[in-house]
Amino acid sequence: MNKYFLSIILLAVNMTYCFGQDYLTMGDDCFDRGDYACAKTNYDKIQKINYTQIVDIKLSRTNSCLSSLKAANNYYSLGNYLQAKEYYQKILDTNPKDEYAAKQLGLSIKYQWIKTFKPILDKRKSNQSYMKENPEGFTEFKNQNYMIIEKMISELKESGSVNYTTSIKFDTLGNNSSTFNIYSISTKKISNYINNSIISELRPVTESGFIIPTSDEVPFNVSWNTYKLRANFRAGKMNIKPLEKLPADFKYIISRYINQQTYANGIYKFELLNKTLNDKPFIDLQLFKYRNNNGPLNSAYSLILPGWGTLKVSDGTKGKGRMTLFLLSSIISAGCKIYSNIEYEKYIEGFASNTGANHYNNANLANQAFVASGGVAASIYIYDFIWVFSKGVKNLSLSKAYKNNIKNNPIKVVVSPLKPL
């Protein structure tokens with residue numbers, strides 16, 4: 001009995017082993033073909049009959065390939081060939097025999113190349129806009145032209161004009177066929193600035209190693225005129241000549257600038273540079289000379305009327321009281337002198353009369369008042385002349401550094417650099 005029972009057990013074990021080997025073989029065949037669903041089914045059956053570590057490893061690899069295949073096919077259907085290529089490659093790293101993954105990897109590489117380079121190859125069939133394909137390079141090129149034009153205007157001064165067009169052109173080999181055409185020029189000196197050097201540094205547009213043929217035209221129609229302006233500023237009032245050359249709002253700009261200076265009163269000489277680029281105006285303004293008009297020569301005004309020179313050298317803050325006191329003392333002095341003379345004549349006429357002594361005393365008192373008030377007026381006259389002369393010398397001394405600084409380094413009050421078109 002025991003013998004038969006043992007035989008049955010051995011037969012069952014052998015049958016289980018045989019079934020397990022069949023499932024393992026079928027699972028491996030499915031895995032090699034890339035049929036990971038089939039491989040997973042067979043490996044799962046082995047696990048249910050008899051768990052082994054080897055089958056567990058095979059099942060883990062199968063699940064990984066199954067997951068990667070799903071992701072790869074999904075990315076491929078969406079046209080994301082770069083990601084699809086990554087997952088197909090992952091499958092082949094695990095199972096080099098997977099013909100489907102190998103085929104799809106090749107297709108992914110092909111379509112990714114087409115997706116990447118076809119637009120570039122299409123661009124190479126005709127000239128593209130240099131400005132659109134290389135906006136940074138195009139802007140840099142224009143800025144270099146503006147810098148050259150600014151330098152030209154600064155060094156040539158006065159007035160001038162130039163009208164030229166730069167034609168940018170590159171072929172598929174990267175050959176620079178760019179040219180520049182000058183249509184009009186005011187002086188031959190301009191050719192020292194506007195020449196082949198402005199196009200020699202241009203570089204072709206490249207994309208993923210391919211040279212894109214490009215072309216563009218950039219016009220530069222430039223003209224400029226320089227005007228000298230003279231602004232006389234005193235006691236908060238300004239007079240500018242020639243006023244007709246002054247653009248709108250610039251009178252306010254000049255007045256505001258002068259009012260901000262420590263030594264506002266004086267004669268300011270400005271240079272106005274009126275530039276035009278492609279009909280768009282740009283205006284520069286610089287102060288190149290200054291002369292203080294609060295100097296000692298203003299003492300001449302004090303010789304005419306004390307207090308007048310003081311008003312000149314003190315920006316109108318002093319002098320009115322001095323002028324009033326001088327005029328008042330002068331009037332009193334003159335009035336007293338006239339009255340003294342009248343009383344003295346009456347005294348002479350009525351010498352023997354009873355009123356003669358009174359007229360004499362009145363004449364004497366009026367004469368003393370004349371001398372006193374005349375002395376005050378004379379003191380004011382002399383003092384005002386000396387004070388104005390001294391103050392004028394001091395004003396010139398204080399403004400000397402400011403004057404010399406402007407002479408050596410003209411001050412740019414308004415700067416309008418040429419800007420992109």
# chains A, B, ... in the order shown; residues from 1 in each chain; ligands from 1
>>> residues_around(residues="Lys40 in chain A", least_positions_apart="2", cutoff="9 Å", atoms="only C-alpha atoms", output="ChimeraX atom specification")
/A:27,30-31,35-38,42-45,58-59,62-63,66
>>> write_last_selection(atoms="all heavy atoms", output="compact mmCIF listing (two decimals), in the first residue's frame")
# COMPACT_ATOMS: atom_id res chain seq x y z
N GLY A 27 7.28 30.68 -21.81
CA GLY A 27 7.49 32.06 -21.34
C GLY A 27 8.74 32.67 -21.95
O GLY A 27 8.73 33.83 -22.38
N CYS A 30 8.11 33.44 -25.64
CA CYS A 30 7.30 34.67 -25.76
C CYS A 30 8.14 35.91 -25.48
O CYS A 30 8.03 36.94 -26.18
CB CYS A 30 6.12 34.61 -24.79
SG CYS A 30 4.86 33.40 -25.23
N PHE A 31 8.98 35.86 -24.47
CA PHE A 31 9.84 37.00 -24.09
C PHE A 31 10.77 37.36 -25.23
O PHE A 31 10.93 38.54 -25.59
CB PHE A 31 10.63 36.65 -22.82
CG PHE A 31 11.46 37.80 -22.31
CD1 PHE A 31 10.90 38.77 -21.48
CD2 PHE A 31 12.80 37.94 -22.67
CE1 PHE A 31 11.66 39.83 -21.01
CE2 PHE A 31 13.55 39.00 -22.21
CZ PHE A 31 12.98 39.95 -21.37
N ASP A 35 6.68 39.25 -27.00
CA ASP A 35 5.28 39.12 -26.58
C ASP A 35 5.27 39.03 -25.06
O ASP A 35 5.19 37.95 -24.47
CB ASP A 35 4.65 37.88 -27.21
CG ASP A 35 3.15 37.82 -26.99
OD1 ASP A 35 2.64 38.66 -26.22
OD2 ASP A 35 2.50 36.94 -27.59
N TYR A 36 5.36 40.20 -24.43
CA TYR A 36 5.56 40.23 -22.98
C TYR A 36 4.30 39.87 -22.21
O TYR A 36 4.38 39.39 -21.07
CB TYR A 36 6.09 41.61 -22.57
CG TYR A 36 7.37 41.95 -23.28
CD1 TYR A 36 7.41 42.96 -24.25
CD2 TYR A 36 8.53 41.23 -23.04
CE1 TYR A 36 8.58 43.25 -24.93
CE2 TYR A 36 9.71 41.52 -23.71
CZ TYR A 36 9.73 42.53 -24.66
OH TYR A 36 10.88 42.80 -25.35
N ALA A 37 3.13 40.06 -22.79
CA ALA A 37 1.89 39.64 -22.14
C ALA A 37 1.84 38.11 -22.04
O ALA A 37 1.46 37.54 -21.00
CB ALA A 37 0.70 40.17 -22.91
N CYS A 38 2.23 37.46 -23.14
CA CYS A 38 2.28 35.99 -23.16
C CYS A 38 3.31 35.47 -22.17
O CYS A 38 3.06 34.52 -21.41
CB CYS A 38 2.60 35.50 -24.58
SG CYS A 38 2.93 33.73 -24.71
N ASN A 42 2.69 32.96 -18.71
CA ASN A 42 3.37 31.68 -18.45
C ASN A 42 4.20 31.73 -17.18
O ASN A 42 4.23 30.78 -16.39
CB ASN A 42 4.25 31.29 -19.64
CG ASN A 42 3.43 30.76 -20.80
OD1 ASN A 42 2.95 29.63 -20.78
ND2 ASN A 42 3.25 31.61 -21.82
N TYR A 43 4.88 32.86 -16.95
CA TYR A 43 5.69 32.97 -15.74
C TYR A 43 4.80 32.99 -14.49
O TYR A 43 5.15 32.45 -13.44
CB TYR A 43 6.57 34.23 -15.78
CG TYR A 43 7.67 34.18 -16.82
CD1 TYR A 43 8.06 35.33 -17.51
CD2 TYR A 43 8.34 32.99 -17.10
CE1 TYR A 43 9.06 35.31 -18.45
CE2 TYR A 43 9.35 32.96 -18.05
CZ TYR A 43 9.71 34.11 -18.72
OH TYR A 43 10.70 34.08 -19.65
N ASP A 44 3.62 33.62 -14.61
CA ASP A 44 2.68 33.64 -13.48
C ASP A 44 2.21 32.22 -13.15
O ASP A 44 2.03 31.85 -11.98
CB ASP A 44 1.47 34.53 -13.82
CG ASP A 44 1.79 36.01 -13.69
OD1 ASP A 44 2.76 36.34 -12.99
OD2 ASP A 44 1.07 36.84 -14.30
N LYS A 45 1.97 31.39 -14.18
CA LYS A 45 1.53 30.01 -13.95
C LYS A 45 2.59 29.22 -13.20
O LYS A 45 2.27 28.39 -12.33
CB LYS A 45 1.21 29.34 -15.28
CG LYS A 45 -0.08 29.86 -15.93
CD LYS A 45 -0.32 29.18 -17.27
CE LYS A 45 -1.63 29.71 -17.90
NZ LYS A 45 -1.89 29.07 -19.22
N LYS A 58 12.78 36.71 -14.01
CA LYS A 58 12.25 36.76 -15.37
C LYS A 58 10.94 37.55 -15.41
O LYS A 58 10.68 38.33 -16.34
CB LYS A 58 12.02 35.34 -15.91
CG LYS A 58 13.30 34.57 -16.22
CD LYS A 58 12.99 33.17 -16.69
CE LYS A 58 14.26 32.40 -17.05
NZ LYS A 58 14.86 32.87 -18.29
N LEU A 59 10.12 37.36 -14.39
CA LEU A 59 8.84 38.06 -14.33
C LEU A 59 9.05 39.56 -14.15
O LEU A 59 8.34 40.38 -14.75
CB LEU A 59 8.01 37.48 -13.19
CG LEU A 59 6.54 37.95 -13.10
CD1 LEU A 59 5.80 37.60 -14.39
CD2 LEU A 59 5.86 37.32 -11.90
N THR A 62 10.12 41.02 -17.42
CA THR A 62 8.96 41.04 -18.33
C THR A 62 8.06 42.23 -18.02
O THR A 62 7.59 42.95 -18.93
CB THR A 62 8.18 39.73 -18.21
OG1 THR A 62 9.04 38.64 -18.54
CG2 THR A 62 6.99 39.73 -19.16
N ASN A 63 7.78 42.45 -16.74
CA ASN A 63 6.93 43.58 -16.33
C ASN A 63 7.56 44.91 -16.72
O ASN A 63 6.87 45.85 -17.14
CB ASN A 63 6.68 43.53 -14.83
CG ASN A 63 5.73 42.43 -14.44
OD1 ASN A 63 4.85 42.04 -15.23
ND2 ASN A 63 5.85 41.91 -13.23
N LEU A 66 7.16 45.27 -20.45
CA LEU A 66 5.75 45.52 -20.74
C LEU A 66 5.39 46.98 -20.48
O LEU A 66 4.70 47.63 -21.27
CB LEU A 66 4.88 44.58 -19.90
CG LEU A 66 3.41 44.40 -20.31
CD1 LEU A 66 3.33 43.85 -21.73
CD2 LEU A 66 2.70 43.48 -19.32
>>> select_by_dssp(residues="range 279-373 of chain A", states="strand (DSSP E or B)", output="PyMOL selection string")
chain A and resi 280-291
>>> write_last_selection(atoms="C-alpha atoms", output="mmCIF file, in the first residue's frame")
data_model
loop_
_atom_site.group_PDB
_atom_site.id
_atom_site.type_symbol
_atom_site.label_atom_id
_atom_site.label_comp_id
_atom_site.auth_asym_id
_atom_site.auth_seq_id
_atom_site.Cartn_x
_atom_site.Cartn_y
_atom_site.Cartn_z
ATOM 1 C CA LYS A 280 13.075 110.518 -37.120
ATOM 2 C CA PRO A 281 14.584 113.484 -35.182
ATOM 3 C CA PHE A 282 17.176 113.211 -32.406
ATOM 4 C CA ILE A 283 18.485 116.304 -30.592
ATOM 5 C CA ASP A 284 21.653 116.740 -28.499
ATOM 6 C CA LEU A 285 22.414 119.812 -26.416
ATOM 7 C CA GLN A 286 25.732 120.618 -24.762
ATOM 8 C CA LEU A 287 27.082 123.607 -22.837
ATOM 9 C CA PHE A 288 30.548 124.524 -24.146
ATOM 10 C CA LYS A 289 31.161 127.997 -22.708
ATOM 11 C CA TYR A 290 30.167 130.062 -19.684
ATOM 12 C CA ARG A 291 30.933 133.582 -18.537
#
>>> closest_residue(among="A:Asn361, A:Asn73, A:Ser68, A:Asn274", to="Leu92 in chain A", atoms="only C-alpha atoms")
A:Ser68
>>> closest_residue(among="A:Met152, A:Lys237, A:Ile304, A:Gln144", to="Ile199 in chain A", atoms="only C-alpha atoms")
A:Gln144
>>> residues_around(residues="Asn74 in chain A", least_positions_apart="5", cutoff="12 Å", atoms="only C-alpha atoms", output="list in words")
Ser67, Ser68, Leu69, Gly79, Asn80, Tyr81, Gln83, Ala84, Lys85, Tyr87 and Tyr88 of chain A
>>> closest_residue(among="A:Ile240, A:Ala235, A:Ile411, A:Ala377", to="Leu327 in chain A", atoms="only C-alpha atoms")
A:Ala377
>>> residues_around(residues="Thr179 in chain A", least_positions_apart="6", cutoff="8 Å", atoms="only C-alpha atoms", output="ChimeraX atom specification")
/A:166-169,196,199
>>> atom_distance(atom1="CA of Leu365 in chain A", atom2="CA of Ile348 in chain A")
16.3 Å
>>> closest_residue(among="A:Thr94, A:Phe141, A:Leu303, A:Asn298", to="Tyr381 in chain A", atoms="only C-alpha atoms")
A:Leu303
>>> decode(residues="range 361-372 of chain A", atoms="all heavy atoms", output="PDB file, in the first residue's frame")
ATOM      1  N   ASN A 361      19.393 182.288   9.970  1.00  0.00           N
ATOM      2  CA  ASN A 361      19.413 181.037  10.745  1.00  0.00           C
ATOM      3  C   ASN A 361      18.817 179.871   9.949  1.00  0.00           C
ATOM      4  O   ASN A 361      19.329 178.748   9.985  1.00  0.00           O
ATOM      5  CB  ASN A 361      18.631 181.224  12.050  1.00  0.00           C
ATOM      6  CG  ASN A 361      19.351 182.141  13.025  1.00  0.00           C
ATOM      7  OD1 ASN A 361      20.579 182.232  12.997  1.00  0.00           O
ATOM      8  ND2 ASN A 361      18.589 182.845  13.866  1.00  0.00           N
ATOM      9  N   ASN A 362      17.705 180.161   9.237  1.00  0.00           N
ATOM     10  CA  ASN A 362      17.087 179.098   8.416  1.00  0.00           C
ATOM     11  C   ASN A 362      18.040 178.631   7.317  1.00  0.00           C
ATOM     12  O   ASN A 362      18.153 177.426   7.042  1.00  0.00           O
ATOM     13  CB  ASN A 362      15.798 179.597   7.777  1.00  0.00           C
ATOM     14  CG  ASN A 362      14.696 179.781   8.806  1.00  0.00           C
ATOM     15  OD1 ASN A 362      14.742 179.181   9.878  1.00  0.00           O
ATOM     16  ND2 ASN A 362      13.706 180.619   8.494  1.00  0.00           N
ATOM     17  N   ALA A 363      18.715 179.595   6.678  1.00  0.00           N
ATOM     18  CA  ALA A 363      19.662 179.255   5.618  1.00  0.00           C
ATOM     19  C   ALA A 363      20.817 178.443   6.169  1.00  0.00           C
ATOM     20  O   ALA A 363      21.293 177.477   5.545  1.00  0.00           O
ATOM     21  CB  ALA A 363      20.178 180.525   4.930  1.00  0.00           C
ATOM     22  N   ASN A 364      21.258 178.821   7.344  1.00  0.00           N
ATOM     23  CA  ASN A 364      22.388 178.129   7.972  1.00  0.00           C
ATOM     24  C   ASN A 364      22.007 176.688   8.334  1.00  0.00           C
ATOM     25  O   ASN A 364      22.763 175.744   8.090  1.00  0.00           O
ATOM     26  CB  ASN A 364      22.833 178.902   9.214  1.00  0.00           C
ATOM     27  CG  ASN A 364      24.170 178.380   9.738  1.00  0.00           C
ATOM     28  OD1 ASN A 364      25.054 178.019   8.970  1.00  0.00           O
ATOM     29  ND2 ASN A 364      24.296 178.331  11.053  1.00  0.00           N
ATOM     30  N   LEU A 365      20.803 176.510   8.949  1.00  0.00           N
ATOM     31  CA  LEU A 365      20.340 175.162   9.324  1.00  0.00           C
ATOM     32  C   LEU A 365      20.128 174.288   8.076  1.00  0.00           C
ATOM     33  O   LEU A 365      20.488 173.108   8.062  1.00  0.00           O
ATOM     34  CB  LEU A 365      19.034 175.260  10.114  1.00  0.00           C
ATOM     35  CG  LEU A 365      19.157 175.806  11.540  1.00  0.00           C
ATOM     36  CD1 LEU A 365      17.774 176.005  12.151  1.00  0.00           C
ATOM     37  CD2 LEU A 365      19.975 174.857  12.414  1.00  0.00           C
ATOM     38  N   ALA A 366      19.531 174.865   7.035  1.00  0.00           N
ATOM     39  CA  ALA A 366      19.297 174.113   5.799  1.00  0.00           C
ATOM     40  C   ALA A 366      20.615 173.708   5.150  1.00  0.00           C
ATOM     41  O   ALA A 366      20.758 172.609   4.592  1.00  0.00           O
ATOM     42  CB  ALA A 366      18.468 174.944   4.826  1.00  0.00           C
ATOM     43  N   ASN A 367      21.605 174.592   5.247  1.00  0.00           N
ATOM     44  CA  ASN A 367      22.909 174.284   4.669  1.00  0.00           C
ATOM     45  C   ASN A 367      23.590 173.139   5.433  1.00  0.00           C
ATOM     46  O   ASN A 367      24.238 172.277   4.837  1.00  0.00           O
ATOM     47  CB  ASN A 367      23.785 175.537   4.667  1.00  0.00           C
ATOM     48  CG  ASN A 367      25.043 175.340   3.834  1.00  0.00           C
ATOM     49  OD1 ASN A 367      24.964 175.061   2.633  1.00  0.00           O
ATOM     50  ND2 ASN A 367      26.200 175.446   4.469  1.00  0.00           N
ATOM     51  N   GLN A 368      23.421 173.157   6.766  1.00  0.00           N
ATOM     52  CA  GLN A 368      23.983 172.058   7.578  1.00  0.00           C
ATOM     53  C   GLN A 368      23.305 170.721   7.228  1.00  0.00           C
ATOM     54  O   GLN A 368      23.961 169.675   7.132  1.00  0.00           O
ATOM     55  CB  GLN A 368      23.803 172.372   9.060  1.00  0.00           C
ATOM     56  CG  GLN A 368      24.670 173.516   9.555  1.00  0.00           C
ATOM     57  CD  GLN A 368      24.411 173.860  11.016  1.00  0.00           C
ATOM     58  OE1 GLN A 368      23.582 173.212  11.682  1.00  0.00           O
ATOM     59  NE2 GLN A 368      25.089 174.882  11.512  1.00  0.00           N
ATOM     60  N   ALA A 369      21.992 170.778   7.022  1.00  0.00           N
ATOM     61  CA  ALA A 369      21.252 169.558   6.616  1.00  0.00           C
ATOM     62  C   ALA A 369      21.712 169.091   5.239  1.00  0.00           C
ATOM     63  O   ALA A 369      21.812 167.878   4.965  1.00  0.00           O
ATOM     64  CB  ALA A 369      19.755 169.830   6.611  1.00  0.00           C
ATOM     65  N   PHE A 370      21.984 170.068   4.359  1.00  0.00           N
ATOM     66  CA  PHE A 370      22.479 169.733   3.019  1.00  0.00           C
ATOM     67  C   PHE A 370      23.809 168.995   3.098  1.00  0.00           C
ATOM     68  O   PHE A 370      24.030 167.985   2.425  1.00  0.00           O
ATOM     69  CB  PHE A 370      22.629 171.020   2.201  1.00  0.00           C
ATOM     70  CG  PHE A 370      23.605 170.910   1.070  1.00  0.00           C
ATOM     71  CD1 PHE A 370      23.304 170.162  -0.085  1.00  0.00           C
ATOM     72  CD2 PHE A 370      24.859 171.542   1.142  1.00  0.00           C
ATOM     73  CE1 PHE A 370      24.223 170.067  -1.115  1.00  0.00           C
ATOM     74  CE2 PHE A 370      25.763 171.430   0.104  1.00  0.00           C
ATOM     75  CZ  PHE A 370      25.451 170.697  -1.025  1.00  0.00           C
ATOM     76  N   VAL A 371      24.709 169.538   3.949  1.00  0.00           N
ATOM     77  CA  VAL A 371      26.033 168.909   4.081  1.00  0.00           C
ATOM     78  C   VAL A 371      25.916 167.498   4.670  1.00  0.00           C
ATOM     79  O   VAL A 371      26.552 166.550   4.208  1.00  0.00           O
ATOM     80  CB  VAL A 371      26.953 169.782   4.963  1.00  0.00           C
ATOM     81  CG1 VAL A 371      28.255 169.055   5.272  1.00  0.00           C
ATOM     82  CG2 VAL A 371      27.235 171.121   4.279  1.00  0.00           C
ATOM     83  N   ALA A 372      25.032 167.360   5.691  1.00  0.00           N
ATOM     84  CA  ALA A 372      24.869 166.057   6.353  1.00  0.00           C
ATOM     85  C   ALA A 372      24.276 165.019   5.401  1.00  0.00           C
ATOM     86  O   ALA A 372      24.790 163.899   5.263  1.00  0.00           O
ATOM     87  CB  ALA A 372      23.992 166.217   7.588  1.00  0.00           C
TER      88      ALA A 372
END
